[in-house]
Structures are given as C-alpha cells and as structure tokens.
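Okay, upload-v9.csv now, which holds CSV, C-alpha atoms and all ligand atoms:
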```
chain,number,residue,atom,x,y,z
R,1,MET,CA,82.8,74.7,119.9
R,2,THR,CA,84.3,78.2,120.0
R,3,ASP,CA,87.6,79.0,121.7
R,4,ASP,CA,85.6,80.9,124.4
R,5,HIS,CA,83.5,77.8,125.1
R,6,ALA,CA,86.7,75.7,125.3
R,7,ARG,CA,88.0,78.1,128.0
R,8,GLY,CA,84.8,77.8,129.9
R,9,VAL,CA,83.5,81.3,129.0
R,10,ALA,CA,79.9,81.7,128.1
R,11,ALA,CA,79.4,83.3,124.7
R,12,GLY,CA,78.1,86.8,124.9
R,13,GLU,CA,79.1,87.2,128.6
R,14,PRO,CA,80.7,90.7,129.2
R,15,GLN,CA,84.4,90.3,129.9
R,16,ASP,CA,86.5,92.2,132.3
R,17,VAL,CA,89.3,93.4,130.1
R,18,GLU,CA,90.3,96.4,132.2
R,19,GLY,CA,92.7,94.4,134.4
R,20,ALA,CA,94.5,92.9,131.4
R,21,GLU,CA,94.9,96.3,129.9
R,22,ALA,CA,96.7,97.7,132.9
R,23,VAL,CA,99.4,95.1,133.0
R,24,VAL,CA,100.0,94.0,129.4
R,25,HIS,CA,103.3,95.4,128.0
R,26,LEU,CA,103.0,97.4,124.7
R,27,ARG,CA,106.0,98.7,122.8
R,28,GLU,CA,106.9,102.3,123.5
R,29,ALA,CA,106.8,103.0,119.7
R,30,LEU,CA,103.1,102.5,119.6
R,31,TYR,CA,102.4,105.6,121.6
R,32,GLY,CA,102.2,108.5,119.2
R,33,VAL,CA,101.6,106.5,116.1
R,34,PRO,CA,99.3,108.6,113.9
R,35,VAL,CA,95.9,107.2,113.0
R,36,TYR,CA,95.1,106.4,109.4
R,37,LYS,CA,92.1,108.5,108.3
R,38,PRO,CA,90.3,106.7,105.5
R,39,GLY,CA,88.3,108.6,102.9
R,40,LYS,CA,84.8,108.8,104.2
R,41,PRO,CA,81.7,107.6,102.3
R,42,PRO,CA,79.4,110.3,100.9
R,43,THR,CA,76.5,111.5,103.0
R,44,VAL,CA,73.1,110.5,101.6
R,45,VAL,CA,71.3,113.5,100.2
R,46,PRO,CA,67.7,113.0,99.1
R,47,ASP,CA,67.2,112.6,95.3
R,48,VAL,CA,71.0,112.8,94.7
R,49,VAL,CA,73.3,109.9,93.6
R,50,PRO,CA,76.1,109.9,96.1
R,51,TYR,CA,79.7,109.6,94.9
R,52,LYS,CA,82.9,108.7,96.9
R,53,MET,CA,85.7,110.9,95.6
R,54,SER,CA,87.8,110.5,98.8
R,55,SER,CA,89.9,107.4,98.4
R,56,ASN,CA,91.5,107.4,94.9
R,57,GLU,CA,89.6,104.4,94.0
R,58,ASN,CA,88.8,103.3,90.4
R,59,PRO,CA,85.1,104.1,89.7
R,60,PHE,CA,84.7,101.3,87.2
R,61,PRO,CA,83.3,98.0,88.4
R,62,PRO,CA,85.4,94.9,87.8
R,63,LEU,CA,85.5,93.3,84.4
R,64,PRO,CA,83.2,90.2,84.0
R,65,GLY,CA,86.3,88.0,83.3
R,66,VAL,CA,87.9,89.2,86.5
R,67,VAL,CA,84.7,88.5,88.5
R,68,GLU,CA,84.6,85.0,86.9
R,69,ALA,CA,88.1,84.3,87.9
R,70,VAL,CA,87.4,85.3,91.5
R,71,SER,CA,84.1,83.3,91.6
R,72,GLU,CA,86.0,80.2,90.4
R,73,ALA,CA,88.7,80.7,93.1
R,74,ALA,CA,86.0,81.2,95.7
R,75,ARG,CA,85.1,77.5,95.3
R,76,ALA,CA,88.4,76.6,97.0
R,77,MET,CA,88.4,79.1,99.8
R,78,ASN,CA,88.6,76.3,102.4
R,79,ARG,CA,92.2,75.9,101.2
R,80,TYR,CA,95.2,78.2,102.0
R,81,PRO,CA,96.5,80.0,98.9
R,82,ASP,CA,99.9,79.1,97.5
R,83,MET,CA,102.4,80.4,100.1
R,84,GLY,CA,104.9,81.7,97.7
R,85,GLY,CA,102.4,83.1,95.2
R,86,ALA,CA,104.3,81.4,92.4
R,87,GLU,CA,101.8,81.9,89.6
R,88,LEU,CA,101.1,85.5,90.5
R,89,ARG,CA,104.9,86.3,90.7
R,90,THR,CA,105.4,84.6,87.3
R,91,ALA,CA,102.6,86.6,85.7
R,92,ILE,CA,103.8,89.9,87.1
R,93,ALA,CA,107.4,89.1,86.2
R,94,ALA,CA,106.4,88.3,82.6
R,95,ASP,CA,104.5,91.5,82.4
R,96,LEU,CA,107.5,93.6,83.5
R,97,GLY,CA,110.3,91.6,81.9
R,98,VAL,CA,112.0,90.7,85.2
R,99,SER,CA,112.5,87.3,87.0
R,100,PRO,CA,109.8,85.9,89.4
R,101,GLU,CA,112.4,85.9,92.2
R,102,GLU,CA,112.4,89.7,92.0
R,103,ILE,CA,108.7,90.0,92.8
R,104,VAL,CA,107.4,90.2,96.3
R,105,PRO,CA,103.5,90.2,96.5
R,106,GLY,CA,101.7,91.3,99.6
R,107,THR,CA,98.4,92.4,101.1
R,108,GLY,CA,98.1,95.6,99.0
R,109,SER,CA,101.3,97.6,98.4
R,110,SER,CA,100.8,98.8,102.0
R,111,GLY,CA,101.4,95.3,103.2
R,112,VAL,CA,104.6,95.2,101.1
R,113,LEU,CA,105.7,98.6,102.3
R,114,SER,CA,105.3,97.6,105.9
R,115,ALA,CA,107.6,94.6,105.2
R,116,ILE,CA,110.1,97.0,103.6
R,117,VAL,CA,110.1,99.2,106.6
R,118,GLY,CA,110.4,96.2,108.9
R,119,ALA,CA,113.3,94.8,106.9
R,120,SER,CA,115.3,98.0,106.8
R,121,CYS,CA,114.6,100.0,110.0
R,122,GLU,CA,114.8,99.6,113.7
R,123,ALA,CA,114.5,102.0,116.7
R,124,GLY,CA,116.6,105.1,116.2
R,125,ASP,CA,116.9,104.8,112.4
R,126,GLU,CA,115.7,107.6,110.1
R,127,VAL,CA,113.3,107.5,107.1
R,128,VAL,CA,113.3,110.4,104.8
R,129,TYR,CA,110.3,111.2,102.7
R,130,ALA,CA,108.4,114.2,101.2
R,131,TRP,CA,105.5,115.7,103.1
R,132,ARG,CA,102.7,115.9,102.6
R,133,SER,CA,102.7,112.5,101.0
R,134,PHE,CA,100.9,109.1,101.5
R,135,GLU,CA,99.5,109.1,105.0
R,136,ALA,CA,100.5,105.5,105.7
R,137,TYR,CA,104.2,106.5,105.7
R,138,PRO,CA,104.4,108.1,109.1
R,139,ILE,CA,102.3,105.3,110.6
R,140,MET,CA,104.6,102.6,109.3
R,141,VAL,CA,107.8,104.4,110.2
R,142,ALA,CA,106.5,105.1,113.8
R,143,LEU,CA,105.4,101.4,114.2
R,144,SER,CA,109.0,100.3,113.4
R,145,GLY,CA,110.4,102.6,116.1
R,146,ALA,CA,112.3,104.6,113.5
R,147,ARG,CA,112.0,108.4,113.1
R,148,SER,CA,110.3,110.2,110.2
R,149,VAL,CA,112.2,113.0,108.6
R,150,GLN,CA,109.6,114.8,106.5
R,151,VAL,CA,110.8,117.2,103.8
R,152,PRO,CA,108.1,119.7,102.7
R,153,VAL,CA,107.0,119.5,99.1
R,154,THR,CA,107.6,122.6,97.0
R,155,GLU,CA,104.8,125.2,96.4
R,156,ASP,CA,103.7,123.3,93.4
R,157,GLY,CA,103.4,120.0,95.2
R,158,ARG,CA,106.6,118.4,94.0
R,159,HIS,CA,109.3,116.5,95.9
R,160,ASP,CA,112.1,118.8,96.9
R,161,LEU,CA,114.8,116.3,96.1
R,162,ALA,CA,117.7,118.6,96.8
R,163,ALA,CA,116.3,119.1,100.3
R,164,MET,CA,115.6,115.4,100.7
R,165,SER,CA,119.3,114.7,99.8
R,166,ALA,CA,120.4,117.2,102.4
R,167,ALA,CA,118.2,115.5,105.0
R,168,ILE,CA,120.1,112.2,104.6
R,169,THR,CA,122.3,111.5,107.6
R,170,PRO,CA,124.4,108.4,108.7
R,171,ASP,CA,121.2,107.2,110.5
R,172,THR,CA,119.1,107.2,107.3
R,173,ARG,CA,118.1,103.7,106.3
R,174,LEU,CA,115.3,104.3,104.0
R,175,VAL,CA,114.0,107.0,101.6
R,176,LEU,CA,110.5,107.0,100.2
R,177,VAL,CA,109.8,108.6,96.9
R,178,CYS,CA,106.2,108.8,95.9
R,179,SER,CA,105.6,109.3,92.2
R,180,PRO,CA,103.0,110.6,91.4
R,181,ASN,CA,102.7,112.0,94.9
R,182,ASN,CA,99.6,111.4,96.9
R,183,PRO,CA,97.9,113.8,97.6
R,184,THR,CA,99.5,116.6,95.6
R,185,GLY,CA,99.7,114.9,92.2
R,186,PRO,CA,102.9,115.6,90.3
R,187,ALA,CA,105.3,112.8,89.2
R,188,VAL,CA,109.0,113.0,89.9
R,189,GLY,CA,111.2,113.8,86.9
R,190,ALA,CA,113.6,111.2,85.5
R,191,ALA,CA,116.6,113.6,85.4
R,192,GLU,CA,116.0,115.0,88.9
R,193,LEU,CA,115.6,111.5,90.4
R,194,GLU,CA,118.8,110.4,88.7
R,195,GLU,CA,120.7,113.3,90.2
R,196,PHE,CA,119.2,112.6,93.6
R,197,LEU,CA,120.1,109.0,93.5
R,198,SER,CA,123.7,109.9,92.8
R,199,THR,CA,123.8,111.5,96.2
R,200,VAL,CA,122.2,108.7,98.2
R,201,PRO,CA,124.7,106.3,99.9
R,202,GLU,CA,124.5,102.8,98.4
R,203,GLY,CA,123.5,101.2,101.7
R,204,VAL,CA,120.4,103.3,101.9
R,205,LEU,CA,117.3,101.7,100.4
R,206,VAL,CA,115.1,103.9,98.1
R,207,VAL,CA,111.5,103.0,97.6
R,208,LEU,CA,109.9,104.4,94.5
R,209,ASP,CA,106.2,104.1,95.3
R,210,GLU,CA,104.4,104.0,91.9
R,211,ALA,CA,100.9,103.3,93.1
R,212,TYR,CA,99.5,105.6,90.4
R,213,LEU,CA,102.0,104.8,87.7
R,214,GLU,CA,99.5,103.9,85.0
R,215,PHE,CA,98.0,107.4,85.1
R,216,VAL,CA,101.3,109.1,84.3
R,217,ARG,CA,101.4,111.0,80.9
R,218,ASP,CA,104.3,113.3,81.6
R,219,GLU,CA,107.1,112.3,79.3
R,220,ALA,CA,109.7,113.7,81.6
R,221,ALA,CA,108.5,111.5,84.4
R,222,VAL,CA,110.7,108.8,85.9
R,223,ASP,CA,110.7,105.3,84.3
R,224,GLY,CA,110.7,103.1,87.4
R,225,LEU,CA,112.0,99.9,85.8
R,226,ALA,CA,114.9,101.7,84.1
R,227,VAL,CA,115.8,103.3,87.5
R,228,TYR,CA,115.4,99.9,89.2
R,229,ARG,CA,117.8,98.3,86.7
R,230,ALA,CA,120.4,101.0,87.1
R,231,HIS,CA,120.4,101.2,90.9
R,232,PRO,CA,120.7,98.1,93.1
R,233,ASN,CA,119.4,100.1,96.2
R,234,VAL,CA,116.1,101.0,94.5
R,235,VAL,CA,112.9,99.0,95.0
R,236,LEU,CA,109.7,99.6,93.2
R,237,LEU,CA,106.3,99.5,94.9
R,238,ARG,CA,103.2,98.8,92.8
R,239,THR,CA,99.6,98.0,93.3
R,240,PHE,CA,96.6,96.4,91.7
R,241,SER,CA,94.3,98.8,93.8
R,242,LYS,CA,94.2,101.8,91.5
R,243,ALA,CA,94.4,101.4,87.7
R,244,TYR,CA,93.5,97.7,87.9
R,245,GLY,CA,90.5,98.4,90.2
R,246,LEU,CA,91.2,95.7,92.8
R,247,ALA,CA,91.4,97.9,95.9
R,248,GLY,CA,89.0,95.7,97.8
R,249,LEU,CA,91.0,92.5,97.2
R,250,ARG,CA,94.3,93.9,98.6
R,251,VAL,CA,97.1,92.9,96.3
R,252,GLY,CA,100.3,94.8,95.5
R,253,TYR,CA,104.0,93.9,95.1
R,254,ALA,CA,107.5,95.1,95.2
R,255,VAL,CA,110.2,94.6,92.5
R,256,ALA,CA,113.5,94.1,94.3
R,257,ARG,CA,116.9,92.6,93.8
R,258,PRO,CA,116.9,88.9,94.8
R,259,ARG,CA,118.8,89.3,98.1
R,260,LEU,CA,116.4,92.1,99.2
R,261,ALA,CA,113.4,90.2,97.8
R,262,THR,CA,114.2,87.2,99.9
R,263,ALA,CA,114.5,89.3,103.0
R,264,LEU,CA,111.2,91.0,102.2
R,265,ARG,CA,109.5,87.7,101.7
R,266,SER,CA,110.5,86.7,105.2
R,267,CYS,CA,108.9,90.0,106.6
R,268,VAL,CA,105.6,89.7,104.7
R,269,ILE,CA,103.0,87.8,106.7
R,270,PRO,CA,102.5,84.1,105.5
R,271,PHE,CA,99.7,83.7,102.9
R,272,ALA,CA,99.5,87.5,102.5
R,273,VAL,CA,97.7,87.3,99.2
R,274,SER,CA,94.5,85.3,99.0
R,275,ASP,CA,93.9,83.0,96.1
R,276,LEU,CA,90.9,85.3,95.1
R,277,ALA,CA,93.2,88.3,95.0
R,278,ALA,CA,95.9,86.4,93.1
R,279,ARG,CA,93.4,85.1,90.5
R,280,ALA,CA,91.9,88.6,90.1
R,281,ALA,CA,95.4,90.1,89.6
R,282,ILE,CA,96.4,87.5,87.0
R,283,ALA,CA,93.1,87.9,85.1
R,284,SER,CA,93.6,91.7,85.2
R,285,LEU,CA,97.1,91.4,83.7
R,286,GLY,CA,95.4,89.4,80.9
R,287,ALA,CA,92.8,92.2,80.4
R,288,LYS,CA,95.2,95.1,80.4
R,289,LYS,CA,94.0,96.5,77.1
R,290,GLU,CA,90.4,96.9,78.4
R,291,LEU,CA,91.5,98.2,81.8
R,292,PHE,CA,93.9,100.7,80.3
R,293,GLU,CA,91.1,102.1,78.1
R,294,ARG,CA,89.3,102.9,81.3
R,295,VAL,CA,92.5,104.5,82.7
R,296,GLU,CA,92.7,106.6,79.5
R,297,HIS,CA,89.1,107.7,80.1
R,298,LEU,CA,90.0,108.7,83.7
R,299,VAL,CA,93.1,110.6,82.4
R,300,GLU,CA,90.8,112.5,80.0
R,301,GLU,CA,88.4,113.4,82.8
R,302,ARG,CA,91.4,114.4,85.0
R,303,GLY,CA,92.5,116.8,82.2
R,304,ARG,CA,89.0,118.3,81.9
R,305,MET,CA,88.7,118.8,85.7
R,306,LEU,CA,92.2,120.3,86.0
R,307,ALA,CA,91.5,122.8,83.2
R,308,ALA,CA,88.1,123.7,84.6
R,309,LEU,CA,89.3,124.1,88.2
R,310,ARG,CA,92.2,126.3,87.0
R,311,ASP,CA,89.7,128.4,85.0
R,312,LEU,CA,87.8,128.9,88.2
R,313,GLY,CA,90.9,130.3,89.8
R,314,TYR,CA,92.0,127.3,91.8
R,315,ASP,CA,95.7,126.9,92.1
R,316,VAL,CA,95.7,123.1,91.3
R,317,PRO,CA,99.2,121.6,90.8
R,318,ASP,CA,99.9,119.3,87.8
R,319,THR,CA,98.5,115.9,88.4
R,320,GLN,CA,99.7,112.6,86.9
R,321,SER,CA,97.4,110.5,89.1
R,322,ASN,CA,93.7,109.8,89.4
R,323,PHE,CA,93.2,112.7,91.8
R,324,LEU,CA,93.6,116.5,92.0
R,325,TRP,CA,94.8,118.7,94.8
R,326,LEU,CA,93.2,121.9,95.8
R,327,PRO,CA,95.5,123.8,98.2
R,328,LEU,CA,92.7,125.6,100.0
R,329,GLU,CA,94.5,125.9,103.3
R,330,GLU,CA,92.0,127.0,106.0
R,331,LEU,CA,89.1,126.7,103.5
R,332,ALA,CA,89.8,122.9,103.1
R,333,GLU,CA,87.2,121.7,105.5
R,334,GLY,CA,84.5,124.2,104.3
R,335,PHE,CA,85.0,122.9,100.8
R,336,ALA,CA,84.6,119.3,101.9
R,337,GLU,CA,81.4,120.2,103.7
R,338,ALA,CA,80.1,122.0,100.6
R,339,ALA,CA,80.8,118.9,98.6
R,340,ASP,CA,79.3,116.6,101.2
R,341,ALA,CA,76.0,118.7,101.1
R,342,ARG,CA,75.8,117.7,97.4
R,343,GLY,CA,76.4,114.0,98.0
R,344,LEU,CA,80.1,114.0,97.2
R,345,SER,CA,82.8,112.9,99.7
R,346,VAL,CA,86.2,114.4,99.1
R,347,ARG,CA,89.3,114.2,101.3
R,348,PRO,CA,90.2,117.3,103.3
R,349,PHE,CA,93.5,117.8,105.1
R,350,ALA,CA,92.7,120.5,107.6
R,351,GLY,CA,94.7,123.7,107.0
R,352,GLU,CA,96.3,122.3,103.9
R,353,GLY,CA,94.0,121.3,101.1
R,354,VAL,CA,91.5,118.9,99.6
R,355,ARG,CA,92.1,115.9,97.5
R,356,VAL,CA,89.5,115.0,95.0
R,357,SER,CA,89.5,111.6,93.2
R,358,VAL,CA,88.5,111.5,89.5
R,359,GLU,CA,85.1,109.8,89.3
R,360,VAL,CA,82.5,109.2,86.6
R,361,PRO,CA,81.6,112.3,84.5
R,362,GLU,CA,78.4,113.0,86.4
R,363,ALA,CA,80.3,113.2,89.7
R,364,ASN,CA,83.1,115.2,88.2
R,365,ASP,CA,80.6,117.7,86.8
R,366,ARG,CA,78.9,118.1,90.2
R,367,LEU,CA,82.3,118.6,91.8
R,368,LEU,CA,83.0,121.4,89.4
R,369,GLU,CA,79.7,123.0,90.2
R,370,VAL,CA,80.5,122.8,93.9
R,371,ALA,CA,83.9,124.4,93.2
R,372,ARG,CA,82.3,127.2,91.2
R,373,ASP,CA,79.7,127.9,93.9
R,374,PHE,CA,82.3,127.7,96.6
R,375,ARG,CA,84.5,130.1,94.8
R,376,GLY,CA,81.5,132.5,94.5
R,377,GLN,CA,80.8,132.3,98.3
R,378,ALA,CA,84.5,132.4,99.4
R,379,SER,CA,85.4,135.6,97.4
S,401,LIG,C1,101.1,106.5,97.2
S,401,LIG,C2,100.4,105.2,97.7
S,401,LIG,N1,101.1,104.2,97.9
S,401,LIG,C3,100.5,103.0,98.3
S,401,LIG,C4,99.2,102.9,98.5
S,401,LIG,C5,98.6,101.7,99.0
S,401,LIG,O1,97.7,101.1,98.2
S,401,LIG,P1,97.3,99.5,98.4
S,401,LIG,O2,97.7,99.1,99.8
S,401,LIG,O3,95.9,99.5,98.2
S,401,LIG,O4,98.1,98.8,97.4
S,401,LIG,C6,98.4,104.1,98.3
S,401,LIG,C7,96.9,104.0,98.5
S,401,LIG,O5,96.2,104.9,98.5
S,401,LIG,C8,99.0,105.2,97.9
S,401,LIG,O6,98.3,106.4,97.7
```
What does the file become when written as structure tokens?
Amino acid sequence: MTDDHARGVAAGEPQDVEGAEAVVHLREALYGVPVYKPGKPPTVVPDVVPYKMSSNENPFPPLPGVVEAVSEAARAMNRYPDMGGAELRTAIAADLGVSPEEIVPGTGSSGVLSAIVGASCEAGDEVVYAWRSFEAYPIMVALSGARSVQVPVTEDGRHDLAAMSAAITPDTRLVLVCSPNNPTGPAVGAAELEEFLSTVPEGVLVVLDEAYLEFVRDEAAVDGLAVYRAHPNVVLLRTFSKAYGLAGLRVGYAVARPRLATALRSCVIPFAVSDLAARAAIASLGAKKELFERVEHLVEERGRMLAALRDLGYDVPDTQSNFLWLPLEELAEGFAEAADARGLSVRPFAGEGVRVSVEVPEANDRLLEVARDFRGQAS
C-alpha cells in the first residue's frame, strides 16, 4: 500500500495543490535563488555522432574493476550504507596522508560545499568568491540567506586575490577559491594564495575548491595539501566526479581540521554517500595509475585544443582543467548554436563566453572545425 492509499487518496487522481501553495510558509531567502543551468545534451544530427562537451565530464567509461565493485555493492542495496563512511574515509585519508577524522565525504563535492556553507553562514553574513566561477556558489550562498560578494576575475580569467582580500569585511564568514577556476580555467598560484591567506582573518573559513586538481600541470600552482597543513582556516574540497570519472555516482569530500570536520559531518545529510558510490571511489583509488593515464591523455588533448584555438585567433586563457574558455562575449550563444548544429553541445554563458569540455579526439577535432568556420563567418 502506498502512502497515498493510506491517506485514502486514489492513485493517479489529480490533486488540488493550489490551496496548499497559497498558505505554506517558505523562507524569504528562497526568492531570488539563481537556477542551476546544467550542461545540455547534444542535439541529434543525422549521420553524426553526438558529443556532450558541456558538463566537464570525463569522456572515458568506468574501468571494468570499478563496474565490478559497484555491481557487487548493488547486491546489498536493500541496506543503508555505513553512516560514517568509515572505509571510504580511511581509503581517502591513506591516499592523502591525513587522518580519517579529517575527511568528510558527501553527495558529490557540491553536497559537501552545501554543508560548509550551512556550517559557516547565516542570514546577513557575506561570502567572497571570484566571478565568474562555479555556478553553484551563488545558489548555495543564497539558500543559506548569506550574501554573495562576487569579485570579477582578471582579463585572463584569474582570481584577483588582491581585490578579494579588499572585499573581506567584518561580516565575511567564508571565502571560496576555485583552482582551477570553472569556467575560465587558470589555477591559482602558490605564492599569490599564500600572500592572500596572510590577509584573511583567522576566523574566516577559506575553501580551496580543487574539483579539477588532477588536471593541473602548472608548477607554480597551489599545492592544496601544503596550504591546508599550514593554515587551520583552510578546507579542501575534492571530488571523484572529474578525473576519477564517477560524476553519475555523486561522491566528493572535504579535508578539514577535526573540529570543523565534526561540524561538517553534522551538516551533511545522513547516509549521503551510497555504498555503490563508496565502493566505486575506493576501487578508483586503487586504480589511480590507469585512471591518471586517461587524465594525461585529456591533458594532451587540452594542450592540442588550446594551441589550435589560439592559432585561430581565439583569446583562450591558460587552462589547468578539463575544459577551455572562449571569451566570445555577445557571440557566445551563436557559437553554441553553431556547435549544436554539428552535434556538439557546449556551455554558453550569454554575453560572456563559452566553456568547452575536452572530449575524445574526434569530438575535439570537430569542435576545432566549428571554431574555424565560426571565425570565418564572424570576421
Ligand atoms: C569547481 C567545481 N566545484 C565543485 C563541483 C561539483 O562537483 P561534484 O558535485 O560532482 O563533486 C564542480 C562541478 O562541476 C565544479 O566545477
């Protein structure tokens, strides 16, 4: 018997929900929360293999060993997962050389970030971050009732850390640093971040969002673990969605000092990581060598695309991630339409630019053709 039957409502009978909508109280903070716009799937074009280059996903299918671990876990899906995620925390901690109590797993790193915002911010507080950056930031901040203080990135898509430092006020509770920055691509430098952190009051939490860490090749880029060890107010945010290719399973984590980690655990929803996701993550940590060979391949493809796009005259900033940023401004949507007509979905940000995720070589080649033709038409 379903819940509806238990309440005496016939299944399938249309419900009058209007009345309930009129009276139910919703938090003021919910009005004005921006809507998350996910990367759209490619349009089907006859005789053309479609590719999705709009969500910064990993184009490689899961390794057989990872699929096996998930299939095995699927046999016990009638049970809740381990509430504390002990095995997963132990595996991640061993991989990083920290203690399991410093690891807070969650439903993707987005789930963990929402716990971080919930633990540190309330109405009236301020959260400083670069803009444009990951589009979930303004959503999570708005949901908490806090206020976003967005500091424009520089012309070359980098965090303007001096301006971010100047934007910190007595109301600032949280700073989000995205390295590499989604969608512009560059990583934050180790020296500039160190200088920035020396200006941040010790009570202000700084999140270093390293979703694309494994794609970084810039030697001057920040070393998250070293920064974490040196600064008690820094928390690292990491994910299995990108380099590890587990986006569909939703597992990420924070690395935080024990007091903060305990607080975050109480903000993460119970049983946030399914056993399937935990098993896949543990199996992936055990298959790092193979997975990182794939990452290397994507990094090579990224380099090839960056050089080709720049040769075509596109002003693409450095990228240390699995995507490239084309600052096309008012041409952004036209470019996305041109790509779509060739079976490629990319991610336009109207009036600003287009983010293109690195895919398999055939898709990347086609994207470069679109870029060449578009350049010809636009000039
Ligand atoms: C910068 C950044 N942080 C965090 C995330 C969240 O990833 P997930 O929730 O899949 O771990 C993303 C996803 O695109 C991202 O770009």
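Between CA of Glu126 (chain R) and CA of Tyr36 (chain R) the separation is 20.6 Å.
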TODO: Step by step, measure atom-to-atom distances between ligand LIG 401 (chain S) and each residue using only C-alpha atoms and all ligand atoms, keep those at most 7 Å, then write them as a list of chain:residue names.
DONE: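 Result of the 7 Å neighbour search around ligand LIG 401 (chain S): R:Ser55, R:Asn56, R:Thr107, R:Gly108, R:Ser109, R:Ser110, R:Gly111, R:Phe134, R:Cys178, R:Asn181, R:Asn182, R:Asp209, R:Glu210, R:Ala211, R:Arg238, R:Thr239, R:Phe240, R:Ser241, R:Ala247, R:Arg250, R:Val251, R:Gly252.
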Set out as a tab-separated table a contact list for region 128-172 of chain R and region 320-338 of chain R with a cut-off of 10 Å, giving each residue of region 128-172 of chain R that qualifies its closest atom pair and distance in Å to one decimal, counting all atoms listed in the file, ordered by chain and rising residue number.
```
residue	atom	partner	partner_atom	distance
R:Glu155	CA	R:Pro327	CA	9.6
R:Asp156	CA	R:Pro327	CA	9.5
R:Gly157	CA	R:Trp325	CA	8.7
```
Open item on the list: So, with only C-alpha atoms as the atoms that count, which of R:Pro186, R:Pro46, R:Met53, R:Ile269 lies closest to Arg366 (chain R)?
Closed with: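 Smallest separation from Arg366 (chain R) among the options: R:Met53.
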- [ ] Write out as a list in words the residues lying within 10 Å of Gly203 (chain R), counting all atoms listed in the file and excluding same-chain residues fewer than 2 positions away.
- [x]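 My list of contacting residues is Thr172, Arg173, Leu174, Val200, Pro201, Leu205, Val206, Pro232 and Asn233 of chain R.
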- [ ] Figure out the distance between CA of Ala339 (chain R) and CA of Val370 (chain R), please, to one decimal in Å.
- [x] 6.1 Å
For region 105-122 of chain R, which lacks atoms in the input, supply N, CA, C and O atoms and format the output as an mmCIF file, in the frame of the given file.
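Done, and the output landed in selection_23.cif:
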```
data_model
loop_
_atom_site.group_PDB
_atom_site.id
_atom_site.type_symbol
_atom_site.label_atom_id
_atom_site.label_comp_id
_atom_site.auth_asym_id
_atom_site.auth_seq_id
_atom_site.Cartn_x
_atom_site.Cartn_y
_atom_site.Cartn_z
ATOM 1 N N PRO R 105 104.940 89.750 96.310
ATOM 2 C CA PRO R 105 103.500 90.200 96.500
ATOM 3 C C PRO R 105 103.175 90.334 97.933
ATOM 4 O O PRO R 105 103.800 89.735 98.802
ATOM 5 N N GLY R 106 102.161 91.146 98.182
ATOM 6 C CA GLY R 106 101.700 91.300 99.600
ATOM 7 C C GLY R 106 100.266 91.822 99.595
ATOM 8 O O GLY R 106 99.622 92.001 98.555
ATOM 9 N N THR R 107 99.791 92.019 100.830
ATOM 10 C CA THR R 107 98.400 92.400 101.100
ATOM 11 C C THR R 107 98.284 93.933 100.714
ATOM 12 O O THR R 107 98.396 94.803 101.573
ATOM 13 N N GLY R 108 98.079 94.221 99.453
ATOM 14 C CA GLY R 108 98.100 95.600 99.000
ATOM 15 C C GLY R 108 99.597 96.037 98.988
ATOM 16 O O GLY R 108 100.448 95.370 99.606
ATOM 17 N N SER R 109 99.897 97.153 98.311
ATOM 18 C CA SER R 109 101.300 97.600 98.400
ATOM 19 C C SER R 109 101.583 98.115 99.799
ATOM 20 O O SER R 109 102.735 98.157 100.221
ATOM 21 N N SER R 110 100.537 98.449 100.557
ATOM 22 C CA SER R 110 100.800 98.800 102.000
ATOM 23 C C SER R 110 101.369 97.680 102.746
ATOM 24 O O SER R 110 102.271 97.890 103.562
ATOM 25 N N GLY R 111 100.889 96.472 102.494
ATOM 26 C CA GLY R 111 101.400 95.300 103.200
ATOM 27 C C GLY R 111 102.908 95.116 102.825
ATOM 28 O O GLY R 111 103.731 94.780 103.692
ATOM 29 N N VAL R 112 103.241 95.355 101.571
ATOM 30 C CA VAL R 112 104.600 95.200 101.100
ATOM 31 C C VAL R 112 105.499 96.293 101.733
ATOM 32 O O VAL R 112 106.630 96.055 102.177
ATOM 33 N N LEU R 113 104.940 97.514 101.772
ATOM 34 C CA LEU R 113 105.700 98.600 102.300
ATOM 35 C C LEU R 113 106.020 98.385 103.799
ATOM 36 O O LEU R 113 107.127 98.673 104.269
ATOM 37 N N SER R 114 105.044 97.830 104.500
ATOM 38 C CA SER R 114 105.300 97.600 105.900
ATOM 39 C C SER R 114 106.422 96.526 106.058
ATOM 40 O O SER R 114 107.267 96.633 106.955
ATOM 41 N N ALA R 115 106.492 95.565 105.135
ATOM 42 C CA ALA R 115 107.600 94.600 105.200
ATOM 43 C C ALA R 115 108.931 95.291 104.845
ATOM 44 O O ALA R 115 109.966 94.976 105.438
ATOM 45 N N ILE R 116 108.898 96.249 103.935
ATOM 46 C CA ILE R 116 110.100 97.000 103.600
ATOM 47 C C ILE R 116 110.655 97.756 104.776
ATOM 48 O O ILE R 116 111.850 97.722 105.092
ATOM 49 N N VAL R 117 109.728 98.449 105.462
ATOM 50 C CA VAL R 117 110.100 99.200 106.600
ATOM 51 C C VAL R 117 110.667 98.264 107.707
ATOM 52 O O VAL R 117 111.720 98.493 108.309
ATOM 53 N N GLY R 118 109.958 97.151 107.889
ATOM 54 C CA GLY R 118 110.400 96.200 108.900
ATOM 55 C C GLY R 118 111.738 95.564 108.574
ATOM 56 O O GLY R 118 112.522 95.270 109.473
ATOM 57 N N ALA R 119 112.032 95.388 107.299
ATOM 58 C CA ALA R 119 113.300 94.800 106.900
ATOM 59 C C ALA R 119 114.474 95.730 107.007
ATOM 60 O O ALA R 119 115.620 95.310 107.166
ATOM 61 N N SER R 120 114.184 97.033 106.908
ATOM 62 C CA SER R 120 115.300 98.000 106.800
ATOM 63 C C SER R 120 115.507 98.857 108.044
ATOM 64 O O SER R 120 116.580 99.428 108.204
ATOM 65 N N CYS R 121 114.480 98.976 108.893
ATOM 66 C CA CYS R 121 114.600 100.000 110.000
ATOM 67 C C CYS R 121 114.387 99.378 111.354
ATOM 68 O O CYS R 121 113.585 98.469 111.538
ATOM 69 N N GLU R 122 115.116 99.932 112.299
ATOM 70 C CA GLU R 122 114.800 99.600 113.700
ATOM 71 C C GLU R 122 114.868 100.931 114.499
ATOM 72 O O GLU R 122 115.112 102.002 113.918
#
```
